[in-house]
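As provided, input02.txt (compact mmCIF, C-alpha atoms) reads as follows.
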# COMPACT_ATOMS: atom_id res chain seq x y z
CA MET A 9 33.06 0.22 20.04
CA LEU A 10 32.79 -2.60 17.49
CA GLU A 11 30.99 -1.86 14.22
CA THR A 12 28.11 -4.22 15.01
CA GLU A 13 27.59 -2.66 18.44
CA ARG A 14 27.79 0.80 16.91
CA ALA A 15 25.16 -0.13 14.29
CA VAL A 16 22.87 -1.47 17.03
CA ALA A 17 23.35 1.79 18.96
CA LEU A 18 22.51 3.81 15.83
CA PHE A 19 19.31 1.83 15.29
CA ALA A 20 18.39 2.48 18.94
CA THR A 21 18.94 6.21 18.30
CA ALA A 22 16.78 6.03 15.17
CA ASN A 23 13.96 4.34 17.08
CA ALA A 24 14.21 6.86 19.93
CA THR A 25 14.12 9.76 17.45
CA TYR A 26 11.10 8.24 15.76
CA ALA A 27 9.39 7.90 19.15
CA GLN A 28 9.92 11.66 19.58
CA ALA A 29 8.40 12.18 16.12
CA MET A 30 5.31 10.26 17.18
CA LYS A 31 4.98 12.40 20.33
CA HIS A 32 5.07 15.57 18.22
CA LEU A 33 2.55 13.98 15.88
CA ALA A 34 0.20 13.22 18.78
CA SER A 35 0.46 16.86 19.93
CA ALA A 36 -0.08 18.09 16.36
CA ILE A 37 -3.27 16.04 16.00
CA GLU A 38 -4.58 16.94 19.46
CA GLU A 39 -3.91 20.67 19.17
CA LEU A 40 -4.20 20.97 15.35
CA ASP A 41 -0.78 22.58 15.53
CA ARG A 42 1.22 23.02 12.31
CA THR A 43 4.51 23.69 14.15
CA GLU A 44 4.21 20.38 15.99
CA LEU A 45 3.49 18.61 12.71
CA GLU A 46 6.62 20.09 11.11
CA LYS A 47 8.63 19.05 14.19
CA SER A 48 7.29 15.54 13.75
CA VAL A 49 8.35 15.54 10.10
CA GLY A 50 11.82 16.82 11.06
CA LYS A 51 12.26 14.05 13.62
CA THR A 52 10.92 11.43 11.21
CA TRP A 53 13.43 12.53 8.57
CA ASP A 54 16.24 12.38 11.19
CA ALA A 55 15.16 8.84 12.10
CA VAL A 56 15.21 7.79 8.43
CA LEU A 57 18.78 9.11 8.07
CA GLN A 58 19.94 7.47 11.31
CA ALA A 59 18.48 4.08 10.36
CA THR A 60 19.91 4.33 6.84
CA ASN A 61 23.36 5.19 8.18
CA ALA A 62 23.10 2.28 10.61
CA LEU A 63 22.35 -0.05 7.68
CA ILE A 64 25.33 1.34 5.75
CA LEU A 65 27.60 0.88 8.78
CA ALA A 66 26.41 -2.69 9.31
CA ARG A 67 26.99 -3.59 5.65
CA THR A 68 30.25 -1.72 4.97
CA GLY A 69 31.88 -0.83 8.28
CA VAL A 70 31.81 2.84 7.27
CA GLU A 71 29.84 5.37 9.32
CA VAL A 72 28.36 8.27 7.36
CA GLU A 73 27.70 11.57 9.11
CA VAL A 74 24.00 12.42 9.56
CA ASN A 75 23.18 15.72 7.87
CA PRO A 76 19.43 16.39 7.58
CA LEU A 77 20.04 19.44 5.36
CA ASP A 78 22.30 17.67 2.86
CA ASP A 79 21.86 13.91 2.68
CA ARG A 80 23.97 13.33 -0.44
CA LYS A 81 26.61 11.25 1.39
CA THR A 82 23.93 9.01 2.89
CA TYR A 83 22.16 8.58 -0.45
CA VAL A 84 25.36 7.82 -2.39
CA ALA A 85 26.51 5.31 0.24
CA LEU A 86 23.08 3.61 0.21
CA ALA A 87 22.87 3.53 -3.58
CA GLN A 88 26.36 2.03 -3.83
CA LEU A 89 26.02 -0.72 -1.22
CA PRO A 90 27.57 -3.88 -2.66
CA GLU A 91 25.58 -6.99 -3.66
CA ARG A 92 22.57 -4.95 -4.78
CA ASP A 93 19.77 -7.49 -4.70
CA GLU A 94 16.06 -6.64 -5.04
CA ALA A 95 15.75 -5.90 -1.30
CA LEU A 96 18.49 -3.26 -1.46
CA LYS A 97 17.00 -1.73 -4.61
CA LYS A 98 13.61 -1.60 -2.88
CA ILE A 99 14.91 0.14 0.23
CA THR A 100 16.83 2.65 -1.90
CA ARG A 101 13.59 3.44 -3.70
CA SER A 102 11.74 3.74 -0.37
CA TYR A 103 14.44 6.12 0.86
CA SER A 104 13.94 8.30 -2.23
CA ILE A 105 10.19 8.41 -1.60
CA LEU A 106 10.70 9.48 2.03
CA GLU A 107 13.29 12.09 1.04
CA ASN A 108 10.85 13.53 -1.50
CA THR A 109 8.00 13.60 1.01
CA PHE A 110 9.64 14.82 4.21
CA PHE A 111 12.65 16.83 3.07
CA THR A 112 11.69 18.26 -0.33
CA THR A 113 7.95 18.75 0.09
CA VAL A 114 7.50 19.56 3.78
CA LEU A 115 10.81 20.89 5.11
CA CYS A 116 11.87 22.77 1.94
CA GLN A 117 8.59 23.68 0.22
CA LYS A 118 6.59 23.95 3.49
CA ASP A 119 3.69 22.08 1.91
CA ILE A 120 1.85 19.83 4.39
CA GLU A 121 -1.40 19.34 2.47
CA PRO A 122 -3.35 17.15 2.61
CA VAL A 123 -2.54 16.73 6.31
CA SER A 124 -4.27 13.34 6.60
CA LEU A 125 -1.95 11.88 3.93
CA LEU A 126 1.14 13.35 5.62
CA ILE A 127 0.12 11.81 8.95
CA LYS A 128 -0.25 8.46 7.18
CA ASP A 129 3.23 8.86 5.65
CA ILE A 130 4.79 9.66 9.05
CA ARG A 131 3.18 6.58 10.62
CA ALA A 132 4.18 4.35 7.70
CA THR A 133 7.85 5.27 8.21
CA ALA A 134 7.97 2.67 11.00
CA ASP A 135 8.00 0.07 8.20
CA TYR A 136 11.12 1.65 6.69
CA LEU A 137 12.96 1.58 10.02
CA ARG A 138 12.09 -2.10 10.51
CA GLU A 139 13.12 -2.92 6.95
CA ALA A 140 16.51 -1.19 7.36
CA GLU A 141 17.16 -3.07 10.61
CA ALA A 142 16.22 -6.40 9.04
CA LEU A 143 18.58 -5.77 6.11
CA ALA A 144 21.37 -4.80 8.50
CA ASN A 145 20.88 -8.17 10.20
CA GLY A 146 21.23 -9.93 6.87
CA GLY A 147 17.48 -10.12 6.15
CA MET B 6 -8.69 23.91 -26.52
CA LEU B 7 -11.30 21.73 -24.83
CA GLU B 8 -10.30 19.76 -21.72
CA PRO B 9 -10.21 16.26 -23.31
CA GLU B 10 -8.19 17.59 -26.25
CA ARG B 11 -5.82 19.40 -23.91
CA THR B 12 -5.40 16.21 -21.85
CA SER B 13 -4.54 14.22 -24.98
CA ALA B 14 -2.08 16.91 -26.08
CA ILE B 15 -0.26 16.78 -22.73
CA PHE B 16 -0.09 12.97 -22.82
CA ALA B 17 1.32 13.25 -26.37
CA ASP B 18 3.94 15.67 -25.01
CA ALA B 19 4.84 13.09 -22.33
CA TRP B 20 5.36 10.40 -24.98
CA GLU B 21 7.46 12.78 -27.08
CA LEU B 22 9.67 13.56 -24.09
CA TYR B 23 10.12 9.85 -23.48
CA GLY B 24 11.18 9.48 -27.13
CA ASP B 25 13.75 12.20 -26.52
CA ALA B 26 14.97 10.31 -23.43
CA VAL B 27 15.51 7.16 -25.50
CA ASP B 28 17.39 9.12 -28.20
CA LEU B 29 19.59 10.75 -25.55
CA LEU B 30 20.32 7.36 -23.96
CA GLY B 31 21.44 6.17 -27.39
CA LEU B 32 23.86 9.08 -27.52
CA GLY B 33 25.23 8.20 -24.08
CA ARG B 34 23.81 11.37 -22.55
CA THR B 35 22.32 9.64 -19.52
CA ARG B 36 22.02 12.69 -17.30
CA ILE B 37 19.93 14.66 -19.81
CA ALA B 38 17.98 11.51 -20.70
CA ALA B 39 16.99 11.24 -17.03
CA GLU B 40 15.68 14.80 -17.08
CA ALA B 41 13.63 14.11 -20.22
CA ALA B 42 12.23 10.99 -18.54
CA TRP B 43 11.35 13.07 -15.49
CA GLY B 44 9.68 15.64 -17.77
CA ALA B 45 7.62 12.85 -19.33
CA THR B 46 6.60 11.72 -15.84
CA LYS B 47 5.56 15.21 -14.85
CA ARG B 48 3.61 15.87 -18.06
CA ALA B 49 1.74 12.57 -17.77
CA THR B 50 0.85 13.53 -14.19
CA ASP B 51 -0.31 16.99 -15.34
CA ALA B 52 -2.59 15.32 -17.89
CA LEU B 53 -3.96 12.95 -15.27
CA ILE B 54 -4.74 15.82 -12.90
CA LEU B 55 -6.38 17.85 -15.68
CA ALA B 56 -8.52 14.87 -16.69
CA ARG B 57 -9.64 14.17 -13.15
CA THR B 58 -10.04 17.71 -11.77
CA GLY B 59 -10.45 20.00 -14.78
CA ARG B 60 -7.43 22.04 -13.66
CA GLU B 61 -3.96 21.94 -15.23
CA PRO B 62 -1.10 22.35 -12.71
CA MET B 63 0.94 25.52 -13.22
CA ASN B 64 4.26 24.24 -11.85
CA SER B 65 5.98 21.25 -10.30
CA PRO B 66 4.85 21.83 -6.66
CA HIS B 67 1.27 22.14 -7.96
CA THR B 68 1.65 18.84 -9.82
CA SER B 69 2.95 17.08 -6.70
CA ARG B 70 0.18 18.56 -4.58
CA GLY B 71 -2.51 17.70 -7.15
CA LEU B 72 -1.34 14.09 -7.20
CA ARG B 73 -1.41 13.92 -3.40
CA PHE B 74 -5.01 15.12 -3.31
CA LEU B 75 -5.98 12.57 -5.97
CA ALA B 76 -4.22 9.81 -3.97
CA LYS B 77 -6.10 10.86 -0.85
CA THR B 78 -9.50 10.37 -2.46
CA ASP B 79 -8.66 7.50 -4.83
CA PRO B 80 -6.56 4.63 -3.40
CA GLY B 81 -5.97 3.50 -6.99
CA VAL B 82 -3.70 6.53 -7.48
CA ALA B 83 -1.48 5.70 -4.46
CA PRO B 84 0.92 3.46 -6.45
CA LEU B 85 1.32 6.21 -9.06
CA ARG B 86 2.17 8.65 -6.28
CA ASP B 87 4.92 6.34 -4.99
CA VAL B 88 6.44 6.02 -8.46
CA TYR B 89 6.16 9.78 -9.04
CA ARG B 90 7.96 10.57 -5.75
CA ALA B 91 10.72 8.05 -6.40
CA ARG B 92 11.25 9.35 -9.95
CA GLN B 93 11.26 13.01 -8.92
CA SER B 94 13.93 12.28 -6.34
CA ARG B 95 16.05 9.89 -8.47
CA LEU B 96 15.79 11.33 -12.00
CA HIS B 97 15.37 15.03 -11.28
CA GLY B 98 16.97 15.69 -7.88
CA ARG B 99 19.81 13.20 -7.63
CA CYS B 100 20.70 12.74 -11.28
CA PHE B 101 19.98 16.03 -13.03
CA TYR B 102 20.53 18.54 -10.22
CA GLN B 103 23.18 16.74 -8.16
CA GLY B 104 24.92 14.80 -10.94
CA ILE B 105 24.65 11.47 -9.10
CA LEU B 106 24.31 8.81 -11.81
CA GLU B 107 25.52 5.72 -9.96
CA PRO B 108 24.42 2.98 -10.00
CA GLU B 109 23.95 3.79 -13.69
CA ASP B 110 22.32 0.47 -14.65
CA GLU B 111 19.51 1.14 -12.15
CA LEU B 112 19.18 4.70 -13.43
CA ILE B 113 18.82 3.46 -17.02
CA ASP B 114 16.22 0.90 -15.86
CA GLU B 115 14.29 3.79 -14.26
CA ILE B 116 14.42 5.81 -17.50
CA ARG B 117 13.25 2.81 -19.52
CA ALA B 118 10.36 2.25 -17.07
CA THR B 119 8.79 5.59 -18.10
CA PRO B 120 6.23 4.12 -20.57
CA GLY B 121 4.73 2.07 -17.74
CA TYR B 122 4.11 5.21 -15.73
CA ILE B 123 2.60 7.10 -18.69
CA ARG B 124 0.29 4.18 -19.52
CA ASP B 125 -0.83 3.86 -15.87
CA ALA B 126 -1.53 7.62 -15.78
CA GLU B 127 -3.52 7.34 -19.04
CA MET B 128 -5.60 4.50 -17.60
CA SER B 129 -6.16 6.40 -14.36
CA ALA B 130 -7.15 9.52 -16.33
CA ALA B 131 -9.82 7.52 -18.14
CA TYR B 132 -11.19 6.21 -14.85
CA ARG B 133 -13.39 8.45 -12.73
CA SER B 134 -14.39 7.22 -9.28

Output the file's structure in the form of structure tokens.
Amino acid sequence: MLETERAVALFATANATYAQAMKHLASAIEELDRTELEKSVGKTWDAVLQATNALILARTGVEVEVNPLDDRKTYVALAQLPERDEALKKITRSYSILENTFFTTVLCQKDIEPVSLLIKDIRATADYLREAEALANGG
Amino acid sequence: MLEPERTSAIFADAWELYGDAVDLLGLGRTRIAAEAAWGATKRATDALILARTGREPMNSPHTSRGLRFLAKTDPGVAPLRDVYRARQSRLHGRCFYQGILEPEDELIDEIRATPGYIRDAEMSAAYRS
């Protein structure tokens, strides 16, 4: 498969994963279920990694392995993308914010409070996925 | 120590840590400078939380959580929360713990941006909604 087609397929995977995250979120809100909320966070974090790796592939031709428990390769590849204009710096910063929120705070420290803010953060991740796709397309 | 005095003392600690970060940058010790800059960020946030809630965070997770609760009730704190999360990840996690310094020019920019965060926290501490 060509790199461009592969990147498009990865973005499709990221969007599908994020759709699963939103389903878990809907269940979490309806049933006030913490397990469902953590599942939603896990899926959201997966989607962030998939979209970021798709951006890296589109820009460099190199595919980084997705590892939700150790994202160092993804972060290093993102932070070292060539031609670092303001848009790339901004998305790197956004990635750091999402990593801090979903991976460090929720998945590692198991802290979901305040829940209303976490739900807002999960929903706002759609912006990150769109931004990554736009940058991959030269935006 | 009374709460306003304690708040001022913690902000002073934040500024001192930033001074250390600048000194360390001058010595070419970027990794340790990043940790001092992160420390300044955390202390300024501790002072903000103390000023606004009357409670001083005991540790880093408490600081993060305290800032989240402030951001929930005061939209004016939301930008500070974004900067705090980005700095915790970049300066503390990636740089100090994992030893990832590149791209170093952006890391140094982040360290040098510390006074902006401390000043914003000081202004937010003085404001009560």

Can you list every residue of chain B that has an atom at most 9 Å from chain A, with its nearest atom pair and the distance in Å to one decimal, using all atoms listed in the file, ordered by chain then number, as CSV?
residue,atom,partner,partner_atom,distance
B:Pro66,CA,A:Thr113,CA,8.0
B:Ser69,CA,A:Thr113,CA,8.6
B:Arg70,CA,A:Glu121,CA,7.3
B:Arg73,CA,A:Pro122,CA,7.1
B:Phe74,CA,A:Pro122,CA,6.5
B:Ala76,CA,A:Leu125,CA,8.5
B:Lys77,CA,A:Leu125,CA,6.4
B:Asp87,CA,A:Ile105,CA,6.6
B:Val88,CA,A:Ile105,CA,8.2
B:Tyr89,CA,A:Ile105,CA,8.6
B:Arg90,CA,A:Ile105,CA,5.2
B:Ala91,CA,A:Ile105,CA,4.8
B:Arg92,CA,A:Ser104,CA,8.2
B:Gln93,CA,A:Asn108,CA,7.4
B:Ser94,CA,A:Ser104,CA,5.7
B:Arg95,CA,A:Ser104,CA,6.8
B:Arg99,CA,A:Arg80,CA,8.3
B:Gln103,CA,A:Arg80,CA,8.5
B:Ile105,CA,A:Val84,CA,7.7
B:Glu107,CA,A:Gln88,CA,7.2
B:Pro108,CA,A:Gln88,CA,6.5
B:Glu111,CA,A:Lys97,CA,8.4

Taking C-alpha atoms for each residue, export the selection above as a PDB file, keeping the file's coordinate frame.
ATOM      1  CA  PRO B  66       4.850  21.830  -6.660  1.00  0.00           C
ATOM      2  CA  SER B  69       2.950  17.080  -6.700  1.00  0.00           C
ATOM      3  CA  ARG B  70       0.180  18.560  -4.580  1.00  0.00           C
ATOM      4  CA  ARG B  73      -1.410  13.920  -3.400  1.00  0.00           C
ATOM      5  CA  PHE B  74      -5.010  15.120  -3.310  1.00  0.00           C
ATOM      6  CA  ALA B  76      -4.220   9.810  -3.970  1.00  0.00           C
ATOM      7  CA  LYS B  77      -6.100  10.860  -0.850  1.00  0.00           C
ATOM      8  CA  ASP B  87       4.920   6.340  -4.990  1.00  0.00           C
ATOM      9  CA  VAL B  88       6.440   6.020  -8.460  1.00  0.00           C
ATOM     10  CA  TYR B  89       6.160   9.780  -9.040  1.00  0.00           C
ATOM     11  CA  ARG B  90       7.960  10.570  -5.750  1.00  0.00           C
ATOM     12  CA  ALA B  91      10.720   8.050  -6.400  1.00  0.00           C
ATOM     13  CA  ARG B  92      11.250   9.350  -9.950  1.00  0.00           C
ATOM     14  CA  GLN B  93      11.260  13.010  -8.920  1.00  0.00           C
ATOM     15  CA  SER B  94      13.930  12.280  -6.340  1.00  0.00           C
ATOM     16  CA  ARG B  95      16.050   9.890  -8.470  1.00  0.00           C
ATOM     17  CA  ARG B  99      19.810  13.200  -7.630  1.00  0.00           C
ATOM     18  CA  GLN B 103      23.180  16.740  -8.160  1.00  0.00           C
ATOM     19  CA  ILE B 105      24.650  11.470  -9.100  1.00  0.00           C
ATOM     20  CA  GLU B 107      25.520   5.720  -9.960  1.00  0.00           C
ATOM     21  CA  PRO B 108      24.420   2.980 -10.000  1.00  0.00           C
ATOM     22  CA  GLU B 111      19.510   1.140 -12.150  1.00  0.00           C
TER      23      GLU B 111
END

What are the centre and edge lengths in Å, to one decimal, of the axis-aligned box around all listed atoms of segment 54-73 of chain B with 3 Å added on each side, as JSON?
{"center_x": -2.2, "center_y": 19.7, "center_z": -10.0, "size_x": 22.4, "size_y": 17.6, "size_z": 19.3}

May I have the residues within 9 Å of Leu106 of chain B as a list in words, using only C-alpha atoms and disregarding those fewer than 4 positions away in the same chain?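 Residues meeting the cut-off are Thr35, Arg36, Arg95, Leu96, Arg99, Cys100, Phe101 and Leu112 of chain B.
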
Which is closest to Asp79 of chain B among B:Ala26, B:Pro62, B:Arg57, B:Gly31, if we use all atoms listed in the file?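 Checking each of B:Ala26, B:Pro62, B:Arg57, B:Gly31 against Asp79 of chain B, counting all atoms listed in the file, the winner is B:Arg57.
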
Could you pull the residues within 12 Å of Thr43 of chain A, counting all atoms listed in the file, minus those fewer than 6 positions along the same chain, as a list in words? His32, Leu33, Ser35, Ala36, Ile37, Val49, Gly50, Val114, Leu115, Lys118 and Ile120 of chain A

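Picture a line from atom CA of His97 of chain B to atom CA of Pro90 of chain A; it runs 24.1 Å.
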
Give me segment 31-111 of chain A from this structure - C-alpha atoms, as a PDB file, in the first residue's frame.
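Result saved to part-v9.pdb:
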ATOM      1  CA  LYS A  31     -20.062   5.246  22.526  1.00  0.00           C
ATOM      2  CA  HIS A  32     -18.349   4.389  25.818  1.00  0.00           C
ATOM      3  CA  LEU A  33     -18.759   8.009  26.865  1.00  0.00           C
ATOM      4  CA  ALA A  34     -22.491   7.900  26.126  1.00  0.00           C
ATOM      5  CA  SER A  35     -22.812   4.726  28.243  1.00  0.00           C
ATOM      6  CA  ALA A  36     -20.732   6.296  31.021  1.00  0.00           C
ATOM      7  CA  ILE A  37     -22.988   9.358  31.153  1.00  0.00           C
ATOM      8  CA  GLU A  38     -26.211   7.350  30.922  1.00  0.00           C
ATOM      9  CA  GLU A  39     -25.255   4.774  33.555  1.00  0.00           C
ATOM     10  CA  LEU A  40     -22.893   6.981  35.618  1.00  0.00           C
ATOM     11  CA  ASP A  41     -20.365   4.200  35.117  1.00  0.00           C
ATOM     12  CA  ARG A  42     -16.699   4.872  35.930  1.00  0.00           C
ATOM     13  CA  THR A  43     -15.460   1.785  34.041  1.00  0.00           C
ATOM     14  CA  GLU A  44     -17.148   2.986  30.858  1.00  0.00           C
ATOM     15  CA  LEU A  45     -15.612   6.421  31.337  1.00  0.00           C
ATOM     16  CA  GLU A  46     -12.123   4.921  31.670  1.00  0.00           C
ATOM     17  CA  LYS A  47     -12.768   2.820  28.547  1.00  0.00           C
ATOM     18  CA  SER A  48     -13.724   6.002  26.729  1.00  0.00           C
ATOM     19  CA  VAL A  49     -10.488   7.657  27.851  1.00  0.00           C
ATOM     20  CA  GLY A  50      -8.477   4.608  26.732  1.00  0.00           C
ATOM     21  CA  LYS A  51     -10.069   4.689  23.279  1.00  0.00           C
ATOM     22  CA  THR A  52      -9.630   8.458  23.017  1.00  0.00           C
ATOM     23  CA  TRP A  53      -5.926   8.108  23.822  1.00  0.00           C
ATOM     24  CA  ASP A  54      -5.620   5.325  21.196  1.00  0.00           C
ATOM     25  CA  ALA A  55      -7.280   7.603  18.631  1.00  0.00           C
ATOM     26  CA  VAL A  56      -4.852  10.433  19.456  1.00  0.00           C
ATOM     27  CA  LEU A  57      -1.888   8.092  18.908  1.00  0.00           C
ATOM     28  CA  GLN A  58      -3.318   6.689  15.662  1.00  0.00           C
ATOM     29  CA  ALA A  59      -4.003  10.150  14.226  1.00  0.00           C
ATOM     30  CA  THR A  60      -0.565  11.393  15.293  1.00  0.00           C
ATOM     31  CA  ASN A  61       1.149   8.402  13.701  1.00  0.00           C
ATOM     32  CA  ALA A  62      -0.883   8.981  10.535  1.00  0.00           C
ATOM     33  CA  LEU A  63       0.355  12.583  10.448  1.00  0.00           C
ATOM     34  CA  ILE A  64       3.951  11.408  10.935  1.00  0.00           C
ATOM     35  CA  LEU A  65       3.565   8.835   8.145  1.00  0.00           C
ATOM     36  CA  ALA A  66       2.074  11.410   5.778  1.00  0.00           C
ATOM     37  CA  ARG A  67       4.897  13.891   6.455  1.00  0.00           C
ATOM     38  CA  THR A  68       7.894  11.525   6.610  1.00  0.00           C
ATOM     39  CA  GLY A  69       6.941   8.209   5.029  1.00  0.00           C
ATOM     40  CA  VAL A  70       7.828   6.456   8.280  1.00  0.00           C
ATOM     41  CA  GLU A  71       5.176   4.532  10.223  1.00  0.00           C
ATOM     42  CA  VAL A  72       5.603   4.509  14.003  1.00  0.00           C
ATOM     43  CA  GLU A  73       4.180   1.642  16.031  1.00  0.00           C
ATOM     44  CA  VAL A  74       1.204   2.573  18.241  1.00  0.00           C
ATOM     45  CA  ASN A  75       1.968   1.817  21.880  1.00  0.00           C
ATOM     46  CA  PRO A  76      -0.558   3.336  24.319  1.00  0.00           C
ATOM     47  CA  LEU A  77       1.597   2.375  27.323  1.00  0.00           C
ATOM     48  CA  ASP A  78       4.822   3.934  26.019  1.00  0.00           C
ATOM     49  CA  ASP A  79       4.348   6.700  23.465  1.00  0.00           C
ATOM     50  CA  ARG A  80       7.956   7.914  23.408  1.00  0.00           C
ATOM     51  CA  LYS A  81       8.527   6.932  19.757  1.00  0.00           C
ATOM     52  CA  THR A  82       5.384   8.776  18.674  1.00  0.00           C
ATOM     53  CA  TYR A  83       6.286  11.876  20.695  1.00  0.00           C
ATOM     54  CA  VAL A  84       9.896  11.999  19.448  1.00  0.00           C
ATOM     55  CA  ALA A  85       8.801  11.537  15.828  1.00  0.00           C
ATOM     56  CA  LEU A  86       6.166  14.282  16.194  1.00  0.00           C
ATOM     57  CA  ALA A  87       8.550  16.686  17.932  1.00  0.00           C
ATOM     58  CA  GLN A  88      11.183  16.147  15.236  1.00  0.00           C
ATOM     59  CA  LEU A  89       8.988  16.549  12.156  1.00  0.00           C
ATOM     60  CA  PRO A  90      10.875  18.729   9.665  1.00  0.00           C
ATOM     61  CA  GLU A  91       9.850  22.287   8.721  1.00  0.00           C
ATOM     62  CA  ARG A  92       8.528  23.054  12.197  1.00  0.00           C
ATOM     63  CA  ASP A  93       6.223  25.984  11.582  1.00  0.00           C
ATOM     64  CA  GLU A  94       3.777  27.396  14.156  1.00  0.00           C
ATOM     65  CA  ALA A  95       1.093  24.852  13.192  1.00  0.00           C
ATOM     66  CA  LEU A  96       3.412  21.921  13.949  1.00  0.00           C
ATOM     67  CA  LYS A  97       4.531  23.505  17.229  1.00  0.00           C
ATOM     68  CA  LYS A  98       0.874  24.004  18.174  1.00  0.00           C
ATOM     69  CA  ILE A  99      -0.123  20.407  17.480  1.00  0.00           C
ATOM     70  CA  THR A 100       2.904  19.122  19.408  1.00  0.00           C
ATOM     71  CA  ARG A 101       1.766  21.217  22.359  1.00  0.00           C
ATOM     72  CA  SER A 102      -1.807  19.926  21.986  1.00  0.00           C
ATOM     73  CA  TYR A 103      -0.465  16.368  21.939  1.00  0.00           C
ATOM     74  CA  SER A 104       1.397  17.020  25.209  1.00  0.00           C
ATOM     75  CA  ILE A 105      -1.792  18.350  26.804  1.00  0.00           C
ATOM     76  CA  LEU A 106      -3.772  15.267  25.743  1.00  0.00           C
ATOM     77  CA  GLU A 107      -1.008  12.921  26.928  1.00  0.00           C
ATOM     78  CA  ASN A 108      -1.009  14.650  30.312  1.00  0.00           C
ATOM     79  CA  THR A 109      -4.792  14.474  30.608  1.00  0.00           C
ATOM     80  CA  PHE A 110      -5.638  11.005  29.324  1.00  0.00           C
ATOM     81  CA  PHE A 111      -2.506   8.947  29.909  1.00  0.00           C
TER      82      PHE A 111
END
